[in-house]
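Structure below is structure-v5.pdb: PDB, C-alpha atoms.
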```pdb
ATOM      1  CA  MET S 297    -152.079  34.643-171.952
ATOM      2  CA  SER S 298    -150.993  38.253-172.470
ATOM      3  CA  ARG S 299    -147.412  39.427-172.177
ATOM      4  CA  LEU S 300    -148.410  41.036-168.869
ATOM      5  CA  ASP S 301    -149.674  37.661-167.590
ATOM      6  CA  SER S 302    -146.572  35.919-168.792
ATOM      7  CA  PHE S 303    -144.239  38.536-167.279
ATOM      8  CA  ILE S 304    -145.954  38.267-163.884
ATOM      9  CA  ARG S 305    -145.637  34.465-164.002
ATOM     10  CA  ARG S 306    -141.967  34.728-164.879
ATOM     11  CA  LEU S 307    -141.255  37.103-161.975
ATOM     12  CA  GLN S 308    -143.210  34.902-159.565
ATOM     13  CA  ALA S 309    -141.280  31.836-160.757
ATOM     14  CA  GLN S 310    -138.030  33.760-160.324
ATOM     15  CA  ARG S 311    -138.934  34.737-156.766
ATOM     16  CA  VAL S 312    -140.117  31.246-155.811
ATOM     17  CA  CYS S 313    -136.877  29.755-157.157
ATOM     18  CA  LEU S 314    -134.698  32.328-155.388
ATOM     19  CA  ASP S 315    -136.493  31.811-152.082
ATOM     20  CA  HIS S 316    -136.220  28.043-152.516
ATOM     21  CA  ALA S 317    -132.482  28.354-153.203
ATOM     22  CA  VAL S 318    -132.045  30.541-150.117
ATOM     23  CA  GLY S 319    -133.461  27.630-148.104
ATOM     24  CA  LEU S 320    -131.199  25.119-149.861
ATOM     25  CA  ILE S 321    -128.012  27.002-148.899
ATOM     26  CA  ARG S 322    -129.051  27.659-145.311
ATOM     27  CA  ASP S 323    -126.281  25.398-143.966
ATOM     28  CA  LEU S 324    -123.823  25.979-146.792
ATOM     29  CA  PRO S 325    -121.390  28.824-146.118
ATOM     30  CA  GLY S 326    -119.989  31.011-148.868
ATOM     31  CA  PRO S 327    -120.746  34.164-150.778
ATOM     32  CA  VAL S 328    -123.437  34.693-153.410
ATOM     33  CA  LEU S 329    -122.871  35.683-157.027
ATOM     34  CA  GLU S 330    -125.454  37.554-159.084
ATOM     35  CA  LEU S 331    -124.802  37.384-162.832
ATOM     36  CA  GLY S 332    -126.470  40.347-164.474
ATOM     37  CA  LEU S 333    -127.543  43.224-162.226
ATOM     38  CA  GLY S 334    -130.158  44.654-164.588
ATOM     39  CA  ASN S 335    -132.406  47.015-162.676
ATOM     40  CA  GLY S 336    -131.212  45.488-159.380
ATOM     41  CA  ARG S 337    -134.506  43.936-158.260
ATOM     42  CA  THR S 338    -133.206  40.408-157.698
ATOM     43  CA  TYR S 339    -129.999  41.747-156.155
ATOM     44  CA  ASP S 340    -132.177  43.637-153.684
ATOM     45  CA  HIS S 341    -134.213  40.497-153.070
ATOM     46  CA  LEU S 342    -131.138  38.382-152.364
ATOM     47  CA  ARG S 343    -129.554  40.891-150.015
ATOM     48  CA  GLU S 344    -132.842  41.136-148.114
ATOM     49  CA  ARG S 345    -133.226  37.352-147.860
ATOM     50  CA  LEU S 346    -129.519  36.729-147.145
ATOM     51  CA  PRO S 347    -128.468  39.573-144.853
ATOM     52  CA  GLY S 348    -125.321  37.807-143.601
ATOM     53  CA  ARG S 349    -123.849  36.987-147.024
ATOM     54  CA  ASP S 350    -121.451  38.820-149.265
ATOM     55  CA  ILE S 351    -123.130  39.249-152.644
ATOM     56  CA  TYR S 352    -120.880  39.801-155.653
ATOM     57  CA  VAL S 353    -122.354  41.052-158.910
ATOM     58  CA  CYS S 354    -121.039  40.567-162.441
ATOM     59  CA  GLU S 355    -122.341  43.081-164.932
ATOM     60  CA  ARG S 356    -121.135  44.568-168.182
ATOM     61  CA  GLN S 357    -122.453  48.042-167.454
ATOM     62  CA  VAL S 358    -124.395  49.176-164.398
ATOM     63  CA  ALA S 359    -127.853  50.602-165.159
ATOM     64  CA  ALA S 360    -129.688  49.703-161.941
ATOM     65  CA  HIS S 361    -131.822  51.767-159.619
ATOM     66  CA  PRO S 362    -129.380  53.816-157.463
ATOM     67  CA  ASP S 363    -130.556  52.006-154.282
ATOM     68  CA  CYS S 364    -129.671  48.640-155.828
ATOM     69  CA  ILE S 365    -126.066  49.138-156.832
ATOM     70  CA  PRO S 366    -123.608  47.024-154.841
ATOM     71  CA  PRO S 367    -120.561  48.579-153.171
ATOM     72  CA  ASP S 368    -117.570  48.797-155.545
ATOM     73  CA  ARG S 369    -115.715  45.944-153.888
ATOM     74  CA  PHE S 370    -118.569  43.575-154.743
ATOM     75  CA  LEU S 371    -118.966  44.727-158.333
ATOM     76  CA  ILE S 372    -117.144  42.797-161.079
ATOM     77  CA  LEU S 373    -117.467  44.834-164.239
ATOM     78  CA  GLY S 374    -116.938  43.536-167.765
ATOM     79  CA  ASP S 375    -117.805  40.754-170.179
ATOM     80  CA  MET S 376    -118.500  37.636-168.093
ATOM     81  CA  ARG S 377    -116.595  35.418-170.528
ATOM     82  CA  GLU S 378    -113.540  37.357-169.344
ATOM     83  CA  THR S 379    -114.434  38.174-165.737
ATOM     84  CA  LEU S 380    -115.768  34.781-164.596
ATOM     85  CA  PRO S 381    -112.466  32.921-165.113
ATOM     86  CA  GLN S 382    -110.828  35.528-162.810
ATOM     87  CA  ALA S 383    -113.700  35.751-160.337
ATOM     88  CA  ARG S 384    -112.543  32.946-158.016
ATOM     89  CA  ALA S 385    -109.433  34.939-157.094
ATOM     90  CA  ARG S 386    -111.366  38.187-156.777
ATOM     91  CA  ILE S 387    -114.050  36.652-154.525
ATOM     92  CA  GLY S 388    -111.521  34.673-152.506
ATOM     93  CA  ALA S 389    -113.882  31.774-151.750
ATOM     94  CA  ALA S 390    -116.009  29.192-153.503
ATOM     95  CA  VAL S 391    -119.544  30.413-153.999
ATOM     96  CA  ALA S 392    -122.647  28.930-152.318
ATOM     97  CA  LEU S 393    -125.258  30.377-154.694
ATOM     98  CA  VAL S 394    -125.237  31.789-158.210
ATOM     99  CA  HIS S 395    -128.240  33.553-159.676
ATOM    100  CA  ALA S 396    -127.938  33.988-163.435
ATOM    101  CA  ASP S 397    -130.522  36.201-165.116
ATOM    102  CA  LEU S 398    -128.931  36.540-168.496
ATOM    103  CA  GLY S 399    -131.561  36.123-171.163
ATOM    104  CA  SER S 400    -132.382  38.652-173.825
ATOM    105  CA  GLY S 401    -135.150  38.437-176.429
ATOM    106  CA  ASP S 402    -132.805  36.525-178.750
ATOM    107  CA  ALA S 403    -133.202  32.781-178.051
ATOM    108  CA  GLU S 404    -130.216  31.762-180.179
ATOM    109  CA  ALA S 405    -127.905  34.291-178.493
ATOM    110  CA  ASN S 406    -129.182  33.089-175.111
ATOM    111  CA  ARG S 407    -128.296  29.468-175.922
ATOM    112  CA  ARG S 408    -124.829  30.464-177.111
ATOM    113  CA  GLN S 409    -124.167  32.545-174.026
ATOM    114  CA  ALA S 410    -125.464  29.840-171.664
ATOM    115  CA  ALA S 411    -123.192  27.262-173.331
ATOM    116  CA  GLU S 412    -120.157  29.530-172.891
ATOM    117  CA  LEU S 413    -120.893  30.549-169.313
ATOM    118  CA  ALA S 414    -122.157  27.226-167.865
ATOM    119  CA  PRO S 415    -118.688  25.676-167.227
ATOM    120  CA  LEU S 416    -117.345  28.996-165.919
ATOM    121  CA  ILE S 417    -120.242  29.201-163.465
ATOM    122  CA  ALA S 418    -119.787  25.566-162.421
ATOM    123  CA  ASN S 419    -116.111  26.235-161.608
ATOM    124  CA  LEU S 420    -116.978  28.959-159.115
ATOM    125  CA  LEU S 421    -119.300  26.866-156.951
ATOM    126  CA  ARG S 422    -118.429  24.930-153.856
ATOM    127  CA  PRO S 423    -119.651  21.323-153.717
ATOM    128  CA  GLY S 424    -123.391  21.402-153.051
ATOM    129  CA  GLY S 425    -123.626  25.003-154.244
ATOM    130  CA  ILE S 426    -126.836  26.030-155.982
ATOM    131  CA  VAL S 427    -127.491  27.754-159.301
ATOM    132  CA  VAL S 428    -130.763  29.518-160.101
ATOM    133  CA  SER S 429    -130.880  30.432-163.768
ATOM    134  CA  ASP S 430    -133.229  31.793-166.394
ATOM    135  CA  GLN S 431    -131.401  29.661-168.979
ATOM    136  CA  ALA S 432    -130.727  25.932-169.122
ATOM    137  CA  LEU S 433    -127.069  25.294-168.194
ATOM    138  CA  ALA S 434    -125.675  22.064-169.625
ATOM    139  CA  THR S 435    -122.322  21.258-168.067
ATOM    140  CA  PRO S 436    -121.260  18.032-166.306
ATOM    141  CA  ARG S 437    -120.811  19.452-162.822
ATOM    142  CA  LEU S 438    -124.291  20.980-162.582
ATOM    143  CA  ARG S 439    -127.044  18.505-161.705
ATOM    144  CA  PRO S 440    -130.611  19.641-162.355
ATOM    145  CA  LEU S 441    -132.835  19.942-159.275
ATOM    146  CA  GLU S 442    -136.587  19.645-159.111
ATOM    147  CA  LEU S 443    -138.323  23.013-159.363
ATOM    148  CA  PRO S 444    -140.418  24.264-156.470
ATOM    149  CA  THR S 445    -144.183  23.698-156.669
ATOM    150  CA  GLY S 446    -145.957  25.942-159.134
ATOM    151  CA  VAL S 447    -142.973  26.682-161.360
ATOM    152  CA  LYS S 448    -143.522  25.365-164.865
ATOM    153  CA  PRO S 449    -140.530  23.398-166.228
ATOM    154  CA  GLY S 450    -138.502  25.564-168.599
ATOM    155  CA  ARG S 451    -139.578  28.828-166.989
ATOM    156  CA  TYR S 452    -136.606  28.832-164.610
ATOM    157  CA  PHE S 453    -133.817  26.356-163.827
ATOM    158  CA  LEU S 454    -132.193  25.011-160.648
ATOM    159  CA  TYR S 455    -128.918  23.095-160.338
ATOM    160  CA  ARG S 456    -126.675  21.739-157.589
ATOM    161  CA  ALA S 457    -122.911  21.517-158.029
ATOM    162  CA  ALA S 458    -121.395  18.055-157.682
ATOM    163  CA  GLU S 459    -118.181  17.384-155.777
ATOM    164  CA  GLY S 460    -114.874  18.522-157.281
TER     165      GLY S 460
ATOM    166  CA  MET M 283    -140.284  43.843-148.894
ATOM    167  CA  SER M 284    -137.675  43.708-151.654
ATOM    168  CA  ARG M 285    -137.923  45.644-154.900
ATOM    169  CA  LEU M 286    -138.742  42.322-156.586
ATOM    170  CA  ASP M 287    -141.657  41.790-154.162
ATOM    171  CA  SER M 288    -142.850  45.326-154.655
ATOM    172  CA  PHE M 289    -142.591  45.132-158.453
ATOM    173  CA  ILE M 290    -144.628  41.897-158.538
ATOM    174  CA  ARG M 291    -147.302  43.503-156.341
ATOM    175  CA  ARG M 292    -147.433  46.541-158.595
ATOM    176  CA  LEU M 293    -147.874  44.417-161.734
ATOM    177  CA  GLN M 294    -150.544  42.302-160.054
ATOM    178  CA  ALA M 295    -152.391  45.451-158.947
ATOM    179  CA  GLN M 296    -152.123  46.811-162.483
ATOM    180  CA  ARG M 297    -153.576  43.625-163.951
ATOM    181  CA  VAL M 298    -156.373  43.386-161.387
ATOM    182  CA  CYS M 299    -157.337  47.016-162.065
ATOM    183  CA  LEU M 300    -157.239  46.566-165.847
ATOM    184  CA  ASP M 301    -159.358  43.413-165.681
ATOM    185  CA  HIS M 302    -161.790  45.175-163.352
ATOM    186  CA  ALA M 303    -162.037  48.132-165.751
ATOM    187  CA  VAL M 304    -162.665  45.763-168.671
ATOM    188  CA  GLY M 305    -165.697  44.510-166.740
ATOM    189  CA  LEU M 306    -166.855  48.054-165.973
ATOM    190  CA  ILE M 307    -166.957  49.051-169.664
ATOM    191  CA  ARG M 308    -168.631  45.876-170.855
ATOM    192  CA  ASP M 309    -171.803  47.760-171.855
ATOM    193  CA  LEU M 310    -170.111  51.041-172.694
ATOM    194  CA  PRO M 311    -169.164  51.361-176.366
ATOM    195  CA  GLY M 312    -166.130  53.316-177.522
ATOM    196  CA  PRO M 313    -162.444  52.890-178.176
ATOM    197  CA  VAL M 314    -159.656  52.456-175.634
ATOM    198  CA  LEU M 315    -156.703  54.771-175.140
ATOM    199  CA  GLU M 316    -153.370  53.593-173.735
ATOM    200  CA  LEU M 317    -151.158  56.444-172.513
ATOM    201  CA  GLY M 318    -147.573  55.282-172.575
ATOM    202  CA  LEU M 319    -146.771  52.142-174.563
ATOM    203  CA  GLY M 320    -143.546  51.280-172.733
ATOM    204  CA  ASN M 321    -142.602  47.690-173.495
ATOM    205  CA  GLY M 322    -146.170  47.008-174.692
ATOM    206  CA  ARG M 323    -147.204  44.525-172.011
ATOM    207  CA  THR M 324    -150.381  46.302-170.910
ATOM    208  CA  TYR M 325    -151.249  47.135-174.522
ATOM    209  CA  ASP M 326    -151.027  43.415-175.251
ATOM    210  CA  HIS M 327    -153.147  42.662-172.188
ATOM    211  CA  LEU M 328    -155.857  45.115-173.222
ATOM    212  CA  ARG M 329    -156.043  43.907-176.801
ATOM    213  CA  GLU M 330    -156.328  40.330-175.539
ATOM    214  CA  ARG M 331    -159.067  41.192-173.036
ATOM    215  CA  LEU M 332    -160.900  43.564-175.420
ATOM    216  CA  PRO M 333    -160.678  41.906-178.836
ATOM    217  CA  GLY M 334    -163.518  43.943-180.325
ATOM    218  CA  ARG M 335    -162.188  47.399-179.401
ATOM    219  CA  ASP M 336    -160.003  49.855-181.229
ATOM    220  CA  ILE M 337    -157.032  50.642-178.985
ATOM    221  CA  TYR M 338    -155.206  53.907-179.590
ATOM    222  CA  VAL M 339    -151.787  54.477-178.042
ATOM    223  CA  CYS M 340    -150.103  57.762-177.172
ATOM    224  CA  GLU M 341    -146.348  57.541-176.839
ATOM    225  CA  ARG M 342    -143.450  59.908-177.222
ATOM    226  CA  GLN M 343    -141.169  57.341-178.810
ATOM    227  CA  VAL M 344    -141.909  53.679-179.459
ATOM    228  CA  ALA M 345    -139.541  51.237-177.733
ATOM    229  CA  ALA M 346    -141.871  48.245-177.277
ATOM    230  CA  HIS M 347    -141.433  44.586-178.094
ATOM    231  CA  PRO M 348    -142.025  44.255-181.873
ATOM    232  CA  ASP M 349    -145.123  42.062-181.278
ATOM    233  CA  CYS M 350    -146.693  44.796-179.140
ATOM    234  CA  ILE M 351    -146.561  47.800-181.438
ATOM    235  CA  PRO M 352    -149.980  49.013-182.585
ATOM    236  CA  PRO M 353    -150.734  49.581-186.272
ATOM    237  CA  ASP M 354    -149.742  53.094-187.418
ATOM    238  CA  ARG M 355    -153.314  54.347-187.577
ATOM    239  CA  PHE M 356    -153.719  53.679-183.839
ATOM    240  CA  LEU M 357    -150.411  55.242-182.821
ATOM    241  CA  ILE M 358    -150.406  58.894-181.705
ATOM    242  CA  LEU M 359    -146.783  59.944-181.456
ATOM    243  CA  GLY M 360    -145.495  62.961-179.554
ATOM    244  CA  ASP M 361    -145.633  64.806-176.247
ATOM    245  CA  MET M 362    -149.054  64.072-174.706
ATOM    246  CA  ARG M 363    -149.468  67.685-173.588
ATOM    247  CA  GLU M 364    -149.651  68.435-177.319
ATOM    248  CA  THR M 365    -151.227  65.276-178.720
ATOM    249  CA  LEU M 366    -154.052  64.775-176.188
ATOM    250  CA  PRO M 367    -155.828  68.067-177.013
ATOM    251  CA  GLN M 368    -155.942  66.897-180.677
ATOM    252  CA  ALA M 369    -156.710  63.256-179.928
ATOM    253  CA  ARG M 370    -160.521  63.576-179.904
ATOM    254  CA  ALA M 371    -160.483  64.534-183.604
ATOM    255  CA  ARG M 372    -157.936  61.850-184.455
ATOM    256  CA  ILE M 373    -159.846  59.085-182.651
ATOM    257  CA  GLY M 374    -163.213  60.280-183.929
ATOM    258  CA  ALA M 375    -165.180  59.149-180.878
ATOM    259  CA  ALA M 376    -165.303  59.624-177.132
ATOM    260  CA  VAL M 377    -163.248  57.024-175.332
ATOM    261  CA  ALA M 378    -164.643  54.297-173.044
ATOM    262  CA  LEU M 379    -161.405  53.451-171.220
ATOM    263  CA  VAL M 380    -158.073  55.174-170.657
ATOM    264  CA  HIS M 381    -155.106  53.372-169.156
ATOM    265  CA  ALA M 382    -152.380  55.773-168.071
ATOM    266  CA  ASP M 383    -149.078  54.243-167.023
ATOM    267  CA  LEU M 384    -146.982  57.374-166.906
ATOM    268  CA  GLY M 385    -144.866  57.340-163.784
ATOM    269  CA  SER M 386    -141.108  57.540-163.717
ATOM    270  CA  GLY M 387    -138.848  57.280-160.677
ATOM    271  CA  ASP M 388    -139.215  61.051-160.087
ATOM    272  CA  ALA M 389    -142.228  61.608-157.794
ATOM    273  CA  GLU M 390    -142.277  65.386-158.267
ATOM    274  CA  ALA M 391    -142.166  65.102-162.082
ATOM    275  CA  ASN M 392    -144.950  62.494-161.866
ATOM    276  CA  ARG M 393    -147.188  64.866-159.871
ATOM    277  CA  ARG M 394    -146.556  67.713-162.314
ATOM    278  CA  GLN M 395    -147.296  65.538-165.328
ATOM    279  CA  ALA M 396    -150.445  64.079-163.753
ATOM    280  CA  ALA M 397    -151.717  67.601-162.986
ATOM    281  CA  GLU M 398    -151.155  68.680-166.595
ATOM    282  CA  LEU M 399    -152.630  65.589-168.212
ATOM    283  CA  ALA M 400    -155.627  64.920-165.909
ATOM    284  CA  PRO M 401    -157.992  67.489-167.516
ATOM    285  CA  LEU M 402    -156.866  66.478-171.016
ATOM    286  CA  ILE M 403    -157.626  62.843-170.220
ATOM    287  CA  ALA M 404    -160.998  63.745-168.699
ATOM    288  CA  ASN M 405    -161.968  65.605-171.896
ATOM    289  CA  LEU M 406    -161.502  62.502-174.028
ATOM    290  CA  LEU M 407    -163.843  60.242-172.078
ATOM    291  CA  ARG M 408    -167.485  59.595-172.719
ATOM    292  CA  PRO M 409    -169.816  59.875-169.714
ATOM    293  CA  GLY M 410    -169.274  56.816-167.545
ATOM    294  CA  GLY M 411    -165.894  56.166-169.142
ATOM    295  CA  ILE M 412    -163.224  54.633-166.932
ATOM    296  CA  VAL M 413    -159.630  55.641-166.195
ATOM    297  CA  VAL M 414    -157.060  53.238-164.791
ATOM    298  CA  SER M 415    -153.942  55.129-163.776
ATOM    299  CA  ASP M 416    -150.662  54.647-161.975
ATOM    300  CA  GLN M 417    -150.894  58.277-160.792
ATOM    301  CA  ALA M 418    -153.604  60.123-158.870
ATOM    302  CA  LEU M 419    -155.554  62.326-161.297
ATOM    303  CA  ALA M 420    -157.217  65.308-159.628
ATOM    304  CA  THR M 421    -159.658  66.979-162.003
ATOM    305  CA  PRO M 422    -163.359  67.730-161.433
ATOM    306  CA  ARG M 423    -164.778  65.381-164.044
ATOM    307  CA  LEU M 424    -163.009  62.260-162.773
ATOM    308  CA  ARG M 425    -164.679  60.621-159.756
ATOM    309  CA  PRO M 426    -162.553  58.118-157.822
ATOM    310  CA  LEU M 427    -163.843  54.541-157.799
ATOM    311  CA  GLU M 428    -163.240  51.898-155.188
ATOM    312  CA  LEU M 429    -160.282  49.678-156.010
ATOM    313  CA  PRO M 430    -160.800  45.955-156.585
ATOM    314  CA  THR M 431    -160.144  43.644-153.639
ATOM    315  CA  GLY M 432    -156.482  43.165-152.833
ATOM    316  CA  VAL M 433    -155.207  46.400-154.367
ATOM    317  CA  LYS M 434    -153.684  48.661-151.742
ATOM    318  CA  PRO M 435    -154.898  52.276-151.960
ATOM    319  CA  GLY M 436    -152.293  54.439-153.665
ATOM    320  CA  ARG M 437    -150.805  51.570-155.645
ATOM    321  CA  TYR M 438    -153.103  52.159-158.607
ATOM    322  CA  PHE M 439    -156.067  54.488-159.254
ATOM    323  CA  LEU M 440    -159.516  54.105-160.809
ATOM    324  CA  TYR M 441    -161.882  56.881-161.926
ATOM    325  CA  ARG M 442    -165.209  57.222-163.711
ATOM    326  CA  ALA M 443    -166.003  60.213-165.895
ATOM    327  CA  ALA M 444    -169.033  62.246-164.888
ATOM    328  CA  GLU M 445    -171.566  63.564-167.407
ATOM    329  CA  GLY M 446    -170.596  66.444-169.694
TER     330      GLY M 446
END
```

Translate the structure of the given file into structure tokens.
Amino acid sequence: MSRLDSFIRRLQAQRVCLDHAVGLIRDLPGPVLELGLGNGRTYDHLRERLPGRDIYVCERQVAAHPDCIPPDRFLILGDMRETLPQARARIGAAVALVHADLGSGDAEANRRQAAELAPLIANLLRPGGIVVSDQALATPRLRPLELPTGVKPGRYFLYRAAEG
Amino acid sequence: MSRLDSFIRRLQAQRVCLDHAVGLIRDLPGPVLELGLGNGRTYDHLRERLPGRDIYVCERQVAAHPDCIPPDRFLILGDMRETLPQARARIGAAVALVHADLGSGDAEANRRQAAELAPLIANLLRPGGIVVSDQALATPRLRPLELPTGVKPGRYFLYRAAEG
């Protein structure tokens, strides 16, 4: 499988998981939080699929396509290890859905970052809230969910927040 | 259609066109020329699909994944308006397949670049040679080919080089 094949599969898995999560939060009110804006493609996807929701975005430095940059009031700039602990107050509500697309090419750095951010992410979710993530997130409050059909385990990750 | 949807479609169209072109040159000897290395995904795809072929790459500045950087002798560095006129001598043979993935977000710059490069690309091809391109290439020697099933016209482009 070429890197082109593998990239297409990853993007398809990402989209299938996002669309699945959109269905899972249909009856769960609350804003959405995108961790990592990147080029803005998944932000654009979420705002298209969830037209009624506020979508907040955490990003260190914005480098997205100009059409995919959220309004200032929804943009939380800075290192997520510092911004996520403050994000609950900034957002003003518990979150229904988090999408975390955080990985770089460095697997060890990815694991470290996921371990640091997982409990911070878990704290922002309302009970029953959903996380879609490109990294495994091991923290007590996040319970792994079955992946939608066609998504190979380990390619993307889905969690539901427990009570409390 | 979100930018994620549209990006997935573009990558799928790119792959379908590349795989189709690989079939079209099955009985046509000659090296392959990749214009624009980018992250190296299509270079990796071509070398996987065409294990017996030399693949030359023109790029202004290499910024690809380390696994997807061609050996130095296949790398032609510099502005393609300057390197393509010299490439025939460097490659030492007429080319069977060119893949040009040149577009940026600036449609007017893309048109200008395609107009400048189209005749230079055409000059490098052997008769019957194939071009797969993300931009329309209008130059007498390149005859448009029908796109493979499922690829929307305008999303990607296919040409065959005439005699001479």

Open item on the list: Show me, as a PyMOL selection string, every residue of chain S with an atom at most 12 Å from chain M, counting all atoms listed in the file.
Closed with: chain S and resi 297-312+314-315+334-346+360-364+400-402

Open item on the list: Rounded to one decimal, what separation in Å do you get between CA of Leu310 (chain M) and CA of Ile358 (chain M)?
Closed with: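 Interatomic distance here is 23.0 Å.
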
Open item on the list: Residue by residue, what does the PyMOL selection byres ((chain S and resi 326) around 10) grab here? Present the result as a PyMOL selection string.
Closed with: chain S and resi 321+323-325+327-329+349-351+387-393+421-422+425

Saved selection, atoms kept: C-alpha atoms, as a PDB file, in the frame of the given file:
```pdb
ATOM      1  CA  ILE S 321    -128.012  27.002-148.899  1.00  0.00           C
ATOM      2  CA  ASP S 323    -126.281  25.398-143.966  1.00  0.00           C
ATOM      3  CA  LEU S 324    -123.823  25.979-146.792  1.00  0.00           C
ATOM      4  CA  PRO S 325    -121.390  28.824-146.118  1.00  0.00           C
ATOM      5  CA  PRO S 327    -120.746  34.164-150.778  1.00  0.00           C
ATOM      6  CA  VAL S 328    -123.437  34.693-153.410  1.00  0.00           C
ATOM      7  CA  LEU S 329    -122.871  35.683-157.027  1.00  0.00           C
ATOM      8  CA  ARG S 349    -123.849  36.987-147.024  1.00  0.00           C
ATOM      9  CA  ASP S 350    -121.451  38.820-149.265  1.00  0.00           C
ATOM     10  CA  ILE S 351    -123.130  39.249-152.644  1.00  0.00           C
ATOM     11  CA  ILE S 387    -114.050  36.652-154.525  1.00  0.00           C
ATOM     12  CA  GLY S 388    -111.521  34.673-152.506  1.00  0.00           C
ATOM     13  CA  ALA S 389    -113.882  31.774-151.750  1.00  0.00           C
ATOM     14  CA  ALA S 390    -116.009  29.192-153.503  1.00  0.00           C
ATOM     15  CA  VAL S 391    -119.544  30.413-153.999  1.00  0.00           C
ATOM     16  CA  ALA S 392    -122.647  28.930-152.318  1.00  0.00           C
ATOM     17  CA  LEU S 393    -125.258  30.377-154.694  1.00  0.00           C
ATOM     18  CA  LEU S 421    -119.300  26.866-156.951  1.00  0.00           C
ATOM     19  CA  ARG S 422    -118.429  24.930-153.856  1.00  0.00           C
ATOM     20  CA  GLY S 425    -123.626  25.003-154.244  1.00  0.00           C
TER      21      GLY S 425
END
```

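CA of Met362 (chain M) sits 21.9 Å away from CA of Arg425 (chain M).
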
- [ ] Evaluate the PyMOL selection byres ((chain M and resi 423) around 8) and record the selected residues as an NGL selection string, following the chain and residue labels used in the document.
- [x] :M and (401 or 404 or 421-422 or 424-425 or 443-445)

Generate the output file for the selected residues, C-alpha atoms, as a PDB file, keeping the file's coordinate frame.
```pdb
ATOM      1  CA  PRO M 401    -157.992  67.489-167.516  1.00  0.00           C
ATOM      2  CA  ALA M 404    -160.998  63.745-168.699  1.00  0.00           C
ATOM      3  CA  THR M 421    -159.658  66.979-162.003  1.00  0.00           C
ATOM      4  CA  PRO M 422    -163.359  67.730-161.433  1.00  0.00           C
ATOM      5  CA  LEU M 424    -163.009  62.260-162.773  1.00  0.00           C
ATOM      6  CA  ARG M 425    -164.679  60.621-159.756  1.00  0.00           C
ATOM      7  CA  ALA M 443    -166.003  60.213-165.895  1.00  0.00           C
ATOM      8  CA  ALA M 444    -169.033  62.246-164.888  1.00  0.00           C
ATOM      9  CA  GLU M 445    -171.566  63.564-167.407  1.00  0.00           C
TER      10      GLU M 445
END
```

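Of note, CA of Glu442 (chain S) and CA of Leu333 (chain S) are spaced 25.4 Å apart.
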
Open item on the list: For this structure, which residues satisfy the selection - the PyMOL selection byres ((chain M and resi 414) around 8) - when it is evaluated on the file as given? I want them as a list in words.
Closed with: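 Taken over the shown coordinates, the PyMOL selection byres ((chain M and resi 414) around 8) returns Cys299, Leu300, Ala303, Leu379, Val380, His381, Ala382, Ile412, Val413, Ser415, Asp416, Tyr438, Phe439, Leu440 and Tyr441 of chain M.
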
Could you pull the residues within 7 Å of Leu419 (chain M), counting all atoms listed in the file, minus those fewer than 3 positions along the same chain, as a compact mmCIF listing (two decimals) with C-alpha atoms, in the coordinates of the input?
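The resulting file, out.txt, is reproduced below:
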```txt
# COMPACT_ATOMS: atom_id res chain seq x y z
CA ALA M 396 -150.44 64.08 -163.75
CA ALA M 397 -151.72 67.60 -162.99
CA ALA M 400 -155.63 64.92 -165.91
```

Given 8 Å on each side, where is the centre and what are the edge lengths in Å to one decimal of the axis-aligned box enclosing the listed atoms of region 383-387 of chain S, as JSON?
```
{"center_x": -111.7, "center_y": 35.6, "center_z": -157.4, "size_x": 20.6, "size_y": 21.2, "size_z": 21.8}
```

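Of the listed residues (M:Arg342, M:Pro430, M:Gly318, M:Arg363), M:Gly318 comes nearest to Leu384 (chain M); the distances count all atoms listed in the file.
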